[in-house]
Amino acid sequence: MTDDEPLAVGVIGVGSMGAHHARVYAGLPAVDLVGVADTDWERAKEVAAKHGTRPLNRATLLQGVDAVSVVVPTQYHAPIVREALEADTHVLVEKPFVDDPATGRELIALADRNDLRLQVGHIERFNPAVRALTDVLPEMDVLAVDARRLGPPVDRENTDGVVEDLMIHDLDVLLSLFDAEVDEAFAAGIEGEPHVAATLQLDNGVLGTLTASRITHQKIRTLAVTGRECRVSVDYLTQSVKIHRHSLPGYVESNGDVRYRSESVVERPQVNNGEPLRAELESFVSAVNAGSVPEVTGHDGLRAIELVRWIREEVGGPEATVARTGGR
């Protein structure tokens with residue numbers, strides 16, 4: 001590829017999420033969506049026709065692209081990412097990065113040896129509301145973070161548990177917001193893990209409380225940061241941010257009755273709304289073109305996976321009510 005040529009990209013796996021990768025790539029300037037690959041050939045043809053590209057087998061696709069999105073079930077991430085890296089192709093792989101951290105470290109080393117960009121698809125990093133939150137945090141003395149990712153059962157095939165499918169988003173955001181490690185973790189869940197709650201103590205003193213569920217009838221995607229100065233609430237779905245500041249409480253007399261009243265000041269910083277997936281893929285393309293470090297690295301993906309494993313052990317182990325220490 002020369003500076004004047006578009007970046008040749010492809011998508012491996014065009015289920016519900018992979019089809020959106022194809023859609024976004026097809027609309028990006030200076031990008032050529034060369035083709036899509038899927039084990040379901042009819043599905044590959046359908047998505048390819050919709051976005052003006054070709055259905056290809058995986059080997060042929062990798063021969064013709066500079067970069068590829070890997071959007072397949074988690075158990076197939078490692079072999080397909082390895083195949084792409086060995087074909088000298090830059091890779092964006094959807095979260096969770098891999099099943100096994102040791103395999104993830106091997107893939108990171110392979111990408112480094114081949115001078116290839118390896119990005120993990122933690123999409124909430126690119127949510128405009130999270131971007132706005134990072135502008136507010138430097139002004140805060142943060143005490144705690146509370147994240148809730150709840151909703152009804154999904155109507156798509158998914159072999160990942162609720163921790164690695166849902167909670168992992170908020171684990172990654174939490175780790176990205178602070179330059180800190182996890183000292184302690186406690187977690188508990190309902191049998192079968194459709195609903196899990198975890199409490200994390202960071203080594204900078206911040207307390208994180210995270211809940212993920214597939215059994216609630218209301219879809220909720222929220223994050224709240226409590227500081228000494230204010231409380232900041234983020235709604236991922238509406239891409240909105242509110243800053244709640246304290247005001248003095250008082251007693252008000254009305255018709256002879258004395259009532260307590262407390263009001264808070266709410267600020268609503270401007271959020272430049274946009275599609276997180278588009279921002280994510282633009283970031284990946286930029287890293288490939290510039291030869292720069294991706295915004296979400298393989299090491300970031302590994303940290304999230306290791307924390308997922310820790311929480312899963314807490315939920316499923318015989319001593320799930322005992323906090324574990326030592327940092328990971």
# chains A, B, ... in the order shown; residues from 1 in each chain; ligands from 1

$ select_by_dssp --residues "segment 132-240 of chain A" --states "helix (DSSP H, G or I)" --output "list of chain:residue names"
A:Ala132, A:Leu133, A:Thr134, A:Asp135, A:Val136, A:Leu137, A:Pro138, A:Glu139, A:Val162, A:Val163, A:Glu164, A:Asp165, A:Leu166, A:Met167, A:Ile168, A:His169, A:Asp170, A:Leu171, A:Asp172, A:Val173, A:Leu174, A:Leu175, A:Ser176, A:Leu177

$ residues_around --residues "Ala26 of chain A" --least-positions-apart "4" --cutoff "7 Å" --atoms "only C-alpha atoms" --output "PDB file with C-alpha atoms, in the first residue's frame"
ATOM      1  CA  ALA A  22     -18.652  -4.286   6.892  1.00  0.00           C
ATOM      2  CA  LEU A  33     -13.650  -3.065   1.630  1.00  0.00           C
ATOM      3  CA  HIS A  51     -22.154  -3.296   0.899  1.00  0.00           C
TER       4      HIS A  51
END

$ residues_around --residues "Gln218 of chain A" --least-positions-apart "6" --cutoff "9 Å" --atoms "only C-alpha atoms" --output "list of chain:residue names"
A:Leu150, A:Gly151, A:Pro152

$ atom_distance --atom1 "atom CA of Asp300 of chain A" --atom2 "atom CA of Asp165 of chain A"
16.0 Å

$ atom_distance --atom1 "atom CA of Ala197 of chain A" --atom2 "atom CA of Leu210 of chain A"
5.7 Å

$ closest_residue --among "A:Glu295, A:Glu94, A:Glu139, A:Glu42" --to "Cys230 of chain A" --atoms "only C-alpha atoms"
A:Glu139

$ decode --residues "segment 121-160 of chain A" --atoms "N, CA and C atoms" --output "PDB file, in the first residue's frame"
ATOM      1  N   GLY A 121     -11.435  -5.016  20.252  1.00  0.00           N
ATOM      2  CA  GLY A 121     -12.656  -4.235  20.047  1.00  0.00           C
ATOM      3  C   GLY A 121     -13.463  -3.956  21.299  1.00  0.00           C
ATOM      4  N   HIS A 122     -12.873  -3.219  22.230  1.00  0.00           N
ATOM      5  CA  HIS A 122     -13.625  -2.747  23.396  1.00  0.00           C
ATOM      6  C   HIS A 122     -14.311  -1.438  23.008  1.00  0.00           C
ATOM      7  N   ILE A 123     -15.504  -1.563  22.477  1.00  0.00           N
ATOM      8  CA  ILE A 123     -16.160  -0.458  21.781  1.00  0.00           C
ATOM      9  C   ILE A 123     -16.567   0.690  22.699  1.00  0.00           C
ATOM     10  N   GLU A 124     -16.836   0.402  23.974  1.00  0.00           N
ATOM     11  CA  GLU A 124     -17.290   1.480  24.849  1.00  0.00           C
ATOM     12  C   GLU A 124     -16.220   2.538  25.094  1.00  0.00           C
ATOM     13  N   ARG A 125     -14.966   2.223  24.848  1.00  0.00           N
ATOM     14  CA  ARG A 125     -13.909   3.235  24.929  1.00  0.00           C
ATOM     15  C   ARG A 125     -14.191   4.383  23.963  1.00  0.00           C
ATOM     16  N   PHE A 126     -14.946   4.069  22.892  1.00  0.00           N
ATOM     17  CA  PHE A 126     -15.187   5.045  21.832  1.00  0.00           C
ATOM     18  C   PHE A 126     -16.576   5.666  21.925  1.00  0.00           C
ATOM     19  N   ASN A 127     -17.297   5.339  22.990  1.00  0.00           N
ATOM     20  CA  ASN A 127     -18.604   5.961  23.208  1.00  0.00           C
ATOM     21  C   ASN A 127     -18.379   7.439  23.525  1.00  0.00           C
ATOM     22  N   PRO A 128     -19.047   8.350  22.818  1.00  0.00           N
ATOM     23  CA  PRO A 128     -18.830   9.780  23.063  1.00  0.00           C
ATOM     24  C   PRO A 128     -19.038  10.194  24.518  1.00  0.00           C
ATOM     25  N   ALA A 129     -19.936   9.508  25.226  1.00  0.00           N
ATOM     26  CA  ALA A 129     -20.165   9.853  26.625  1.00  0.00           C
ATOM     27  C   ALA A 129     -18.953   9.511  27.480  1.00  0.00           C
ATOM     28  N   VAL A 130     -18.289   8.402  27.175  1.00  0.00           N
ATOM     29  CA  VAL A 130     -17.069   8.038  27.902  1.00  0.00           C
ATOM     30  C   VAL A 130     -15.948   9.023  27.578  1.00  0.00           C
ATOM     31  N   ARG A 131     -15.881   9.443  26.330  1.00  0.00           N
ATOM     32  CA  ARG A 131     -14.894  10.460  25.951  1.00  0.00           C
ATOM     33  C   ARG A 131     -15.119  11.742  26.760  1.00  0.00           C
ATOM     34  N   ALA A 132     -16.388  12.132  26.898  1.00  0.00           N
ATOM     35  CA  ALA A 132     -16.700  13.338  27.670  1.00  0.00           C
ATOM     36  C   ALA A 132     -16.347  13.147  29.141  1.00  0.00           C
ATOM     37  N   LEU A 133     -16.566  11.949  29.668  1.00  0.00           N
ATOM     38  CA  LEU A 133     -16.231  11.661  31.061  1.00  0.00           C
ATOM     39  C   LEU A 133     -14.739  11.840  31.320  1.00  0.00           C
ATOM     40  N   THR A 134     -13.904  11.414  30.392  1.00  0.00           N
ATOM     41  CA  THR A 134     -12.456  11.545  30.592  1.00  0.00           C
ATOM     42  C   THR A 134     -12.018  13.000  30.672  1.00  0.00           C
ATOM     43  N   ASP A 135     -12.807  13.903  30.128  1.00  0.00           N
ATOM     44  CA  ASP A 135     -12.487  15.336  30.239  1.00  0.00           C
ATOM     45  C   ASP A 135     -12.809  15.872  31.635  1.00  0.00           C
ATOM     46  N   VAL A 136     -13.774  15.226  32.305  1.00  0.00           N
ATOM     47  CA  VAL A 136     -14.205  15.689  33.626  1.00  0.00           C
ATOM     48  C   VAL A 136     -13.336  15.117  34.739  1.00  0.00           C
ATOM     49  N   LEU A 137     -12.872  13.887  34.591  1.00  0.00           N
ATOM     50  CA  LEU A 137     -12.184  13.175  35.665  1.00  0.00           C
ATOM     51  C   LEU A 137     -10.973  13.904  36.252  1.00  0.00           C
ATOM     52  N   PRO A 138     -10.134  14.574  35.434  1.00  0.00           N
ATOM     53  CA  PRO A 138      -8.972  15.238  36.032  1.00  0.00           C
ATOM     54  C   PRO A 138      -9.324  16.269  37.096  1.00  0.00           C
ATOM     55  N   GLU A 139     -10.555  16.768  37.086  1.00  0.00           N
ATOM     56  CA  GLU A 139     -10.981  17.767  38.067  1.00  0.00           C
ATOM     57  C   GLU A 139     -11.552  17.123  39.331  1.00  0.00           C
ATOM     58  N   MET A 140     -11.594  15.796  39.392  1.00  0.00           N
ATOM     59  CA  MET A 140     -12.267  15.104  40.487  1.00  0.00           C
ATOM     60  C   MET A 140     -11.302  14.323  41.374  1.00  0.00           C
ATOM     61  N   ASP A 141     -11.659  14.233  42.640  1.00  0.00           N
ATOM     62  CA  ASP A 141     -11.028  13.310  43.573  1.00  0.00           C
ATOM     63  C   ASP A 141     -11.965  12.112  43.666  1.00  0.00           C
ATOM     64  N   VAL A 142     -11.725  11.108  42.820  1.00  0.00           N
ATOM     65  CA  VAL A 142     -12.666  10.001  42.646  1.00  0.00           C
ATOM     66  C   VAL A 142     -12.595   9.033  43.820  1.00  0.00           C
ATOM     67  N   LEU A 143     -13.772   8.641  44.302  1.00  0.00           N
ATOM     68  CA  LEU A 143     -13.887   7.684  45.393  1.00  0.00           C
ATOM     69  C   LEU A 143     -14.406   6.333  44.921  1.00  0.00           C
ATOM     70  N   ALA A 144     -15.382   6.352  44.020  1.00  0.00           N
ATOM     71  CA  ALA A 144     -16.032   5.103  43.634  1.00  0.00           C
ATOM     72  C   ALA A 144     -16.602   5.191  42.230  1.00  0.00           C
ATOM     73  N   VAL A 145     -16.734   4.025  41.603  1.00  0.00           N
ATOM     74  CA  VAL A 145     -17.353   3.901  40.281  1.00  0.00           C
ATOM     75  C   VAL A 145     -18.389   2.793  40.349  1.00  0.00           C
ATOM     76  N   ASP A 146     -19.561   3.063  39.818  1.00  0.00           N
ATOM     77  CA  ASP A 146     -20.632   2.069  39.803  1.00  0.00           C
ATOM     78  C   ASP A 146     -21.093   1.889  38.356  1.00  0.00           C
ATOM     79  N   ALA A 147     -21.057   0.646  37.873  1.00  0.00           N
ATOM     80  CA  ALA A 147     -21.465   0.364  36.487  1.00  0.00           C
ATOM     81  C   ALA A 147     -22.558  -0.696  36.481  1.00  0.00           C
ATOM     82  N   ARG A 148     -23.572  -0.472  35.668  1.00  0.00           N
ATOM     83  CA  ARG A 148     -24.658  -1.440  35.520  1.00  0.00           C
ATOM     84  C   ARG A 148     -24.905  -1.694  34.042  1.00  0.00           C
ATOM     85  N   ARG A 149     -24.874  -2.978  33.687  1.00  0.00           N
ATOM     86  CA  ARG A 149     -25.100  -3.387  32.294  1.00  0.00           C
ATOM     87  C   ARG A 149     -26.110  -4.533  32.343  1.00  0.00           C
ATOM     88  N   LEU A 150     -27.368  -4.163  32.200  1.00  0.00           N
ATOM     89  CA  LEU A 150     -28.462  -5.095  32.445  1.00  0.00           C
ATOM     90  C   LEU A 150     -29.386  -5.156  31.233  1.00  0.00           C
ATOM     91  N   GLY A 151     -30.054  -6.292  31.088  1.00  0.00           N
ATOM     92  CA  GLY A 151     -31.010  -6.422  30.001  1.00  0.00           C
ATOM     93  C   GLY A 151     -31.616  -7.806  29.953  1.00  0.00           C
ATOM     94  N   PRO A 152     -32.566  -8.008  29.066  1.00  0.00           N
ATOM     95  CA  PRO A 152     -33.211  -9.323  28.928  1.00  0.00           C
ATOM     96  C   PRO A 152     -32.298 -10.279  28.170  1.00  0.00           C
ATOM     97  N   PRO A 153     -32.640 -11.562  28.141  1.00  0.00           N
ATOM     98  CA  PRO A 153     -31.858 -12.527  27.366  1.00  0.00           C
ATOM     99  C   PRO A 153     -31.753 -12.099  25.905  1.00  0.00           C
ATOM    100  N   VAL A 154     -30.593 -12.382  25.287  1.00  0.00           N
ATOM    101  CA  VAL A 154     -30.386 -11.987  23.892  1.00  0.00           C
ATOM    102  C   VAL A 154     -30.960 -13.037  22.963  1.00  0.00           C
ATOM    103  N   ASP A 155     -31.331 -12.602  21.755  1.00  0.00           N
ATOM    104  CA  ASP A 155     -31.903 -13.517  20.775  1.00  0.00           C
ATOM    105  C   ASP A 155     -30.878 -13.933  19.727  1.00  0.00           C
ATOM    106  N   ARG A 156     -29.598 -13.875  20.119  1.00  0.00           N
ATOM    107  CA  ARG A 156     -28.528 -14.308  19.217  1.00  0.00           C
ATOM    108  C   ARG A 156     -27.735 -15.421  19.891  1.00  0.00           C
ATOM    109  N   GLU A 157     -27.083 -16.234  19.073  1.00  0.00           N
ATOM    110  CA  GLU A 157     -26.264 -17.310  19.629  1.00  0.00           C
ATOM    111  C   GLU A 157     -25.056 -16.710  20.329  1.00  0.00           C
ATOM    112  N   ASN A 158     -24.830 -17.118  21.577  1.00  0.00           N
ATOM    113  CA  ASN A 158     -23.719 -16.562  22.343  1.00  0.00           C
ATOM    114  C   ASN A 158     -23.244 -17.599  23.347  1.00  0.00           C
ATOM    115  N   THR A 159     -21.994 -18.021  23.204  1.00  0.00           N
ATOM    116  CA  THR A 159     -21.439 -19.022  24.108  1.00  0.00           C
ATOM    117  C   THR A 159     -20.697 -18.386  25.272  1.00  0.00           C
ATOM    118  N   ASP A 160     -20.532 -17.066  25.281  1.00  0.00           N
ATOM    119  CA  ASP A 160     -19.841 -16.384  26.368  1.00  0.00           C
ATOM    120  C   ASP A 160     -20.782 -16.169  27.546  1.00  0.00           C
TER     121      ASP A 160
END
